[in-house]
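A short write-up of the structure that comes next.
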Amino acid sequence: MSIIALTNEKGGVGKSTTSVHFAYWLFSKKKKVALIDADPQRSCSKWIKRMDDPIPVTILTTPDELLEKTPEIAEGVDYLVIDAPPGLAECCRAILFRADLAIIPCQPTGLDLDAASDAVRLVRQAQSVRGGLPDVGMFVNRAAKGTKLKDEALSLIQKIDDVTALKTVIHQKQAVADAFGQGATVFDLKGAGASEAATEFEKLFREIMRLL
Ligand SMILES: Nc1ncnc2c1ncn2[C@@H]1O[C@H](COP(=O)(O)OP(=O)(O)OP(=O)(O)O)[C@@H](O)[C@H]1O
Ligand SMILES: [Mg+2]
């Protein structure tokens, strides 16, 4: 049983998109998987509801619930994915007290990279209380191909101590943005964009699995 949390207090970086894709990818590999939706916007639960596959989702939106109920949900599955909310540092802390691995998506802009340092700070606080866990990885999401910003973001991430900089970059793709509306993931959508995005997510998830 492993608990993987997608965290970053910065909004709109791709936490929910990655959570749903990761949970679905694990499910398609025949793993027993569950998802905790900790975001009051309930993006993940709405998304999963629109999909055909029965991935169990539990909505837990307070720090108390997250601390108390996460272990029993994790007990019954191989992998538990938690989609953290934006902004709510106390919820994030509770999640980081339970996660084995925190994955921080980050957009390749100065503002986002700056905000990512707050996300890393929360992880470090949890690591210090727990004596090590959670491990932490960061990846660049919504990058534009061939831009300087993307390369700069990658090299900045590589410089953060004790954070694994994931090599796979997820590019900005219309197919990814369309997936929620289609009640699907890019793994099921047709077209070249969806298939490129699916290849990127697959690579990213394989990298994440190596951190567990
Ligand atoms: N790689 C991508 N390509 C195109 N669009 C993307 C990509 N990743 C995320 N998006 C879009 O960006 C928006 C924000 O993504 P998402 O909701 O996953 O972020 P979030 O971090 O969960 O946001 P919040 O903090 O508000 O919960 C969504 O409209 C989503 O479709
Ligand atoms: Mg979200």
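Simple scheme: letters A, B, ... for chains in structure tokens order, numbers from 1 for residues in each chain, numbers from 1 for ligands in the order shown.
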Restrict the calculation to only C-alpha atoms and all ligand atoms, then for each residue of chain A with any atom at most 9 Å from an atom of ligand 1 give the closest atom pair and their distance in Å to one decimal, rows by chain and rising residue number, as a tab-separated table.
residue	atom	partner	partner_atom_place_in_ligand_line	distance
A:Leu6	CA	ligand 1	21 (O)	8.5
A:Thr7	CA	ligand 1	21 (O)	7.9
A:Asn8	CA	ligand 1	21 (O)	7.0
A:Glu9	CA	ligand 1	25 (O)	6.7
A:Lys10	CA	ligand 1	25 (O)	5.9
A:Gly11	CA	ligand 1	25 (O)	3.1
A:Gly12	CA	ligand 1	23 (O)	3.3
A:Val13	CA	ligand 1	21 (O)	3.9
A:Gly14	CA	ligand 1	18 (O)	3.3
A:Lys15	CA	ligand 1	22 (O)	3.8
A:Ser16	CA	ligand 1	22 (O)	3.7
A:Thr17	CA	ligand 1	18 (O)	3.6
A:Thr18	CA	ligand 1	18 (O)	6.3
A:Ser19	CA	ligand 1	18 (O)	7.9
A:Val20	CA	ligand 1	18 (O)	8.6
A:Asp39	CA	ligand 1	27 (O)	6.5
A:Pro40	CA	ligand 1	27 (O)	8.8
A:Gln41	CA	ligand 1	27 (O)	7.2
A:Arg42	CA	ligand 1	27 (O)	8.5
A:Ser43	CA	ligand 1	17 (O)	6.9
A:Cys44	CA	ligand 1	22 (O)	8.4
A:Asp83	CA	ligand 1	22 (O)	7.3
A:Ala84	CA	ligand 1	27 (O)	7.3
A:Pro85	CA	ligand 1	27 (O)	5.4
A:Pro86	CA	ligand 1	25 (O)	4.1
A:Gly87	CA	ligand 1	25 (O)	7.6
A:Pro105	CA	ligand 1	21 (O)	7.6
A:Cys106	CA	ligand 1	21 (O)	8.8
A:Gln107	CA	ligand 1	8 (N)	9.0
A:Asn141	CA	ligand 1	1 (N)	5.5
A:Arg142	CA	ligand 1	1 (N)	4.2
A:Ala143	CA	ligand 1	1 (N)	7.3
A:Val169	CA	ligand 1	1 (N)	8.9
A:Ile170	CA	ligand 1	1 (N)	5.4
A:His171	CA	ligand 1	1 (N)	5.0
A:Gln172	CA	ligand 1	3 (N)	3.5
A:Lys173	CA	ligand 1	3 (N)	4.0
A:Gln174	CA	ligand 1	4 (C)	5.3
A:Ala175	CA	ligand 1	4 (C)	6.9
A:Val176	CA	ligand 1	4 (C)	4.8
A:Ala177	CA	ligand 1	31 (O)	3.5
A:Asp178	CA	ligand 1	31 (O)	6.5
A:Ala179	CA	ligand 1	31 (O)	7.2
A:Phe180	CA	ligand 1	31 (O)	6.9
A:Gly181	CA	ligand 1	31 (O)	8.9
A:Ala197	CA	ligand 1	1 (N)	7.6
Write the residues you've just listed into a file as a JSON list (two decimals), in the first residue's frame, and include C-alpha atoms for each of them.
[["chain", "number", "residue", "atom", "x", "y", "z"],
["A", 6, "LEU", "CA", -0.41, 15.61, -5.62],
["A", 7, "THR", "CA", 0.28, 18.84, -3.77],
["A", 8, "ASN", "CA", 0.96, 22.52, -4.46],
["A", 9, "GLU", "CA", -0.93, 25.37, -2.85],
["A", 10, "LYS", "CA", -0.68, 27.24, -6.14],
["A", 11, "GLY", "CA", -3.90, 26.79, -8.09],
["A", 12, "GLY", "CA", -4.22, 25.48, -11.62],
["A", 13, "VAL", "CA", -0.88, 23.68, -11.87],
["A", 14, "GLY", "CA", -2.37, 20.29, -12.78],
["A", 15, "LYS", "CA", -2.88, 18.50, -9.45],
["A", 16, "SER", "CA", -6.37, 17.20, -10.30],
["A", 17, "THR", "CA", -5.54, 16.40, -13.92],
["A", 18, "THR", "CA", -2.49, 14.40, -12.84],
["A", 19, "SER", "CA", -4.36, 12.70, -9.97],
["A", 20, "VAL", "CA", -7.13, 11.42, -12.24],
["A", 39, "ASP", "CA", -10.49, 19.82, -2.90],
["A", 40, "PRO", "CA", -13.78, 21.56, -2.03],
["A", 41, "GLN", "CA", -14.18, 22.20, -5.80],
["A", 42, "ARG", "CA", -14.45, 18.39, -6.12],
["A", 43, "SER", "CA", -12.84, 18.34, -9.56],
["A", 44, "CYS", "CA", -11.62, 14.75, -9.26],
["A", 83, "ASP", "CA", -5.62, 15.28, -4.89],
["A", 84, "ALA", "CA", -4.72, 18.18, -2.58],
["A", 85, "PRO", "CA", -6.60, 21.48, -2.66],
["A", 86, "PRO", "CA", -5.08, 24.82, -3.62],
["A", 87, "GLY", "CA", -4.43, 27.33, -0.87],
["A", 105, "PRO", "CA", 3.40, 19.75, -10.41],
["A", 106, "CYS", "CA", 4.84, 23.12, -11.37],
["A", 107, "GLN", "CA", 4.21, 25.37, -14.34],
["A", 141, "ASN", "CA", 3.51, 20.70, -16.41],
["A", 142, "ARG", "CA", 1.91, 22.77, -19.16],
["A", 143, "ALA", "CA", 5.22, 23.52, -20.85],
["A", 169, "VAL", "CA", 7.87, 17.21, -18.89],
["A", 170, "ILE", "CA", 4.13, 17.31, -19.59],
["A", 171, "HIS", "CA", 3.45, 19.77, -22.37],
["A", 172, "GLN", "CA", 0.47, 22.05, -22.78],
["A", 173, "LYS", "CA", -1.95, 20.06, -24.93],
["A", 174, "GLN", "CA", -5.51, 20.72, -25.96],
["A", 175, "ALA", "CA", -6.30, 17.02, -25.49],
["A", 176, "VAL", "CA", -5.37, 17.25, -21.79],
["A", 177, "ALA", "CA", -7.58, 20.31, -21.34],
["A", 178, "ASP", "CA", -10.45, 18.53, -23.16],
["A", 179, "ALA", "CA", -10.27, 15.31, -21.12],
["A", 180, "PHE", "CA", -12.53, 16.42, -18.24],
["A", 181, "GLY", "CA", -15.26, 17.58, -20.64],
["A", 197, "ALA", "CA", 0.03, 13.37, -24.05]]
Query raised in the report: Contacts of Phe201 (chain A) at 9 Å or less, counting only C-alpha atoms, minus same-chain residues fewer than 5 places along, as a PyMOL selection string?
Result: chain A and resi 18+21-22+25+168-170+186-187+196+206
Query - In chain A, DSSP strand (DSSP E or B) residues written as a ChimeraX atom specification - result: /A:2-6,33-37,57-59,79-83,101-106,135-143,164-165,170-171
Can I get the selection written as a short mmCIF file (atom, residue, chain, number, x, y, z; two decimals), in the first residue's frame, with N, CA and C atoms?
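What follows is the written file result-v9.cif:
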data_model
loop_
_atom_site.label_atom_id
_atom_site.label_comp_id
_atom_site.auth_asym_id
_atom_site.auth_seq_id
_atom_site.Cartn_x
_atom_site.Cartn_y
_atom_site.Cartn_z
N SER A 2 0.65 2.14 -0.99
CA SER A 2 1.42 3.40 -1.06
C SER A 2 0.45 4.56 -1.21
N ILE A 3 0.79 5.64 -0.53
CA ILE A 3 -0.04 6.84 -0.61
C ILE A 3 0.74 7.92 -1.36
N ILE A 4 0.18 8.35 -2.50
CA ILE A 4 0.86 9.35 -3.32
C ILE A 4 -0.03 10.59 -3.37
N ALA A 5 0.50 11.74 -2.95
CA ALA A 5 -0.31 12.95 -2.93
C ALA A 5 0.20 13.94 -3.97
N LEU A 6 -0.74 14.53 -4.69
CA LEU A 6 -0.41 15.61 -5.62
C LEU A 6 -0.65 16.91 -4.88
N VAL A 33 -6.81 0.56 -6.74
CA VAL A 33 -6.51 1.97 -6.51
C VAL A 33 -7.75 2.72 -6.00
N ALA A 34 -7.50 3.70 -5.14
CA ALA A 34 -8.57 4.59 -4.68
C ALA A 34 -8.05 6.02 -4.74
N LEU A 35 -8.98 6.94 -4.72
CA LEU A 35 -8.60 8.35 -4.80
C LEU A 35 -9.27 9.11 -3.66
N ILE A 36 -8.53 10.01 -3.05
CA ILE A 36 -9.15 10.95 -2.08
C ILE A 36 -9.18 12.31 -2.75
N ASP A 37 -10.37 12.90 -2.80
CA ASP A 37 -10.53 14.23 -3.35
C ASP A 37 -10.60 15.19 -2.16
N VAL A 57 -13.80 6.94 -5.07
CA VAL A 57 -13.34 8.27 -4.67
C VAL A 57 -13.98 8.63 -3.34
N THR A 58 -13.18 9.12 -2.40
CA THR A 58 -13.72 9.61 -1.14
C THR A 58 -13.41 11.10 -1.04
N ILE A 59 -14.44 11.87 -0.67
CA ILE A 59 -14.23 13.31 -0.52
C ILE A 59 -13.91 13.59 0.94
N TYR A 79 -2.67 1.27 -4.13
CA TYR A 79 -2.25 2.66 -4.27
C TYR A 79 -3.40 3.60 -3.94
N LEU A 80 -3.09 4.59 -3.12
CA LEU A 80 -4.07 5.63 -2.82
C LEU A 80 -3.51 6.96 -3.33
N VAL A 81 -4.27 7.58 -4.23
CA VAL A 81 -3.85 8.87 -4.80
C VAL A 81 -4.66 9.97 -4.11
N ILE A 82 -3.98 11.02 -3.64
CA ILE A 82 -4.71 12.12 -2.99
C ILE A 82 -4.53 13.40 -3.81
N ASP A 83 -5.64 14.00 -4.18
CA ASP A 83 -5.62 15.28 -4.89
C ASP A 83 -5.78 16.39 -3.84
N LEU A 101 4.64 9.65 -0.58
CA LEU A 101 5.31 10.39 -1.65
C LEU A 101 4.45 11.61 -2.02
N ALA A 102 5.10 12.77 -2.06
CA ALA A 102 4.41 13.97 -2.52
C ALA A 102 4.94 14.32 -3.90
N ILE A 103 4.03 14.53 -4.84
CA ILE A 103 4.43 14.94 -6.18
C ILE A 103 3.90 16.36 -6.40
N ILE A 104 4.81 17.26 -6.76
CA ILE A 104 4.46 18.67 -6.92
C ILE A 104 4.52 19.04 -8.41
N PRO A 105 3.35 19.25 -9.04
CA PRO A 105 3.40 19.75 -10.41
C PRO A 105 3.71 21.25 -10.37
N CYS A 106 4.47 21.71 -11.36
CA CYS A 106 4.84 23.12 -11.37
C CYS A 106 4.82 23.63 -12.80
N ASP A 135 8.71 11.27 0.76
CA ASP A 135 9.63 11.59 -0.32
C ASP A 135 8.95 12.60 -1.22
N VAL A 136 9.75 13.29 -2.02
CA VAL A 136 9.12 14.33 -2.85
C VAL A 136 9.74 14.41 -4.24
N GLY A 137 8.85 14.52 -5.21
CA GLY A 137 9.28 14.70 -6.60
C GLY A 137 8.54 15.88 -7.20
N MET A 138 9.19 16.55 -8.15
CA MET A 138 8.55 17.70 -8.79
C MET A 138 8.65 17.54 -10.31
N PHE A 139 7.61 17.95 -11.02
CA PHE A 139 7.71 17.90 -12.49
C PHE A 139 7.11 19.17 -13.10
N VAL A 140 7.55 19.43 -14.33
CA VAL A 140 7.06 20.61 -15.05
C VAL A 140 5.84 20.20 -15.86
N ASN A 141 4.75 20.95 -15.67
CA ASN A 141 3.51 20.70 -16.41
C ASN A 141 3.15 21.93 -17.23
N ARG A 142 2.42 21.72 -18.29
CA ARG A 142 1.91 22.77 -19.16
C ARG A 142 3.03 23.57 -19.82
N ALA A 143 4.10 22.85 -20.20
CA ALA A 143 5.22 23.52 -20.85
C ALA A 143 4.93 23.70 -22.34
N THR A 164 13.39 15.21 -5.82
CA THR A 164 13.71 14.55 -7.09
C THR A 164 13.07 15.33 -8.23
N ALA A 165 13.91 15.82 -9.13
CA ALA A 165 13.39 16.52 -10.31
C ALA A 165 13.05 15.45 -11.34
N ILE A 170 5.45 17.43 -18.95
CA ILE A 170 4.13 17.31 -19.59
C ILE A 170 3.86 18.64 -20.30
N HIS A 171 3.65 18.54 -21.60
CA HIS A 171 3.45 19.77 -22.37
C HIS A 171 1.99 20.21 -22.37
#
Query - Coordinates-based distance that separates CA of Leu189 (chain A) from CA of Ile55 (chain A) (Å, one decimal) - result: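 About the pair CA of Ile55 (chain A) and CA of Leu189 (chain A): they are 18.4 Å apart.
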Query - Point-to-point distance from CA of Ala184 (chain A) to CA of Glu202 (chain A), Å rounded to tenths - result: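 These atoms are spaced 15.6 Å apart.
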Query - Pairwise distance for CA of Ala94 (chain A) and CA of Ala115 (chain A), rounded to one decimal in Å - result: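 Those two atoms sit 19.3 Å apart.
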Query raised in the report: Nearest to Asp100 (chain A) among A:Glu65, A:Glu200, A:Val129, A:Met1, with distances taken over only C-alpha atoms: which residue is it?
Result: A:Met1
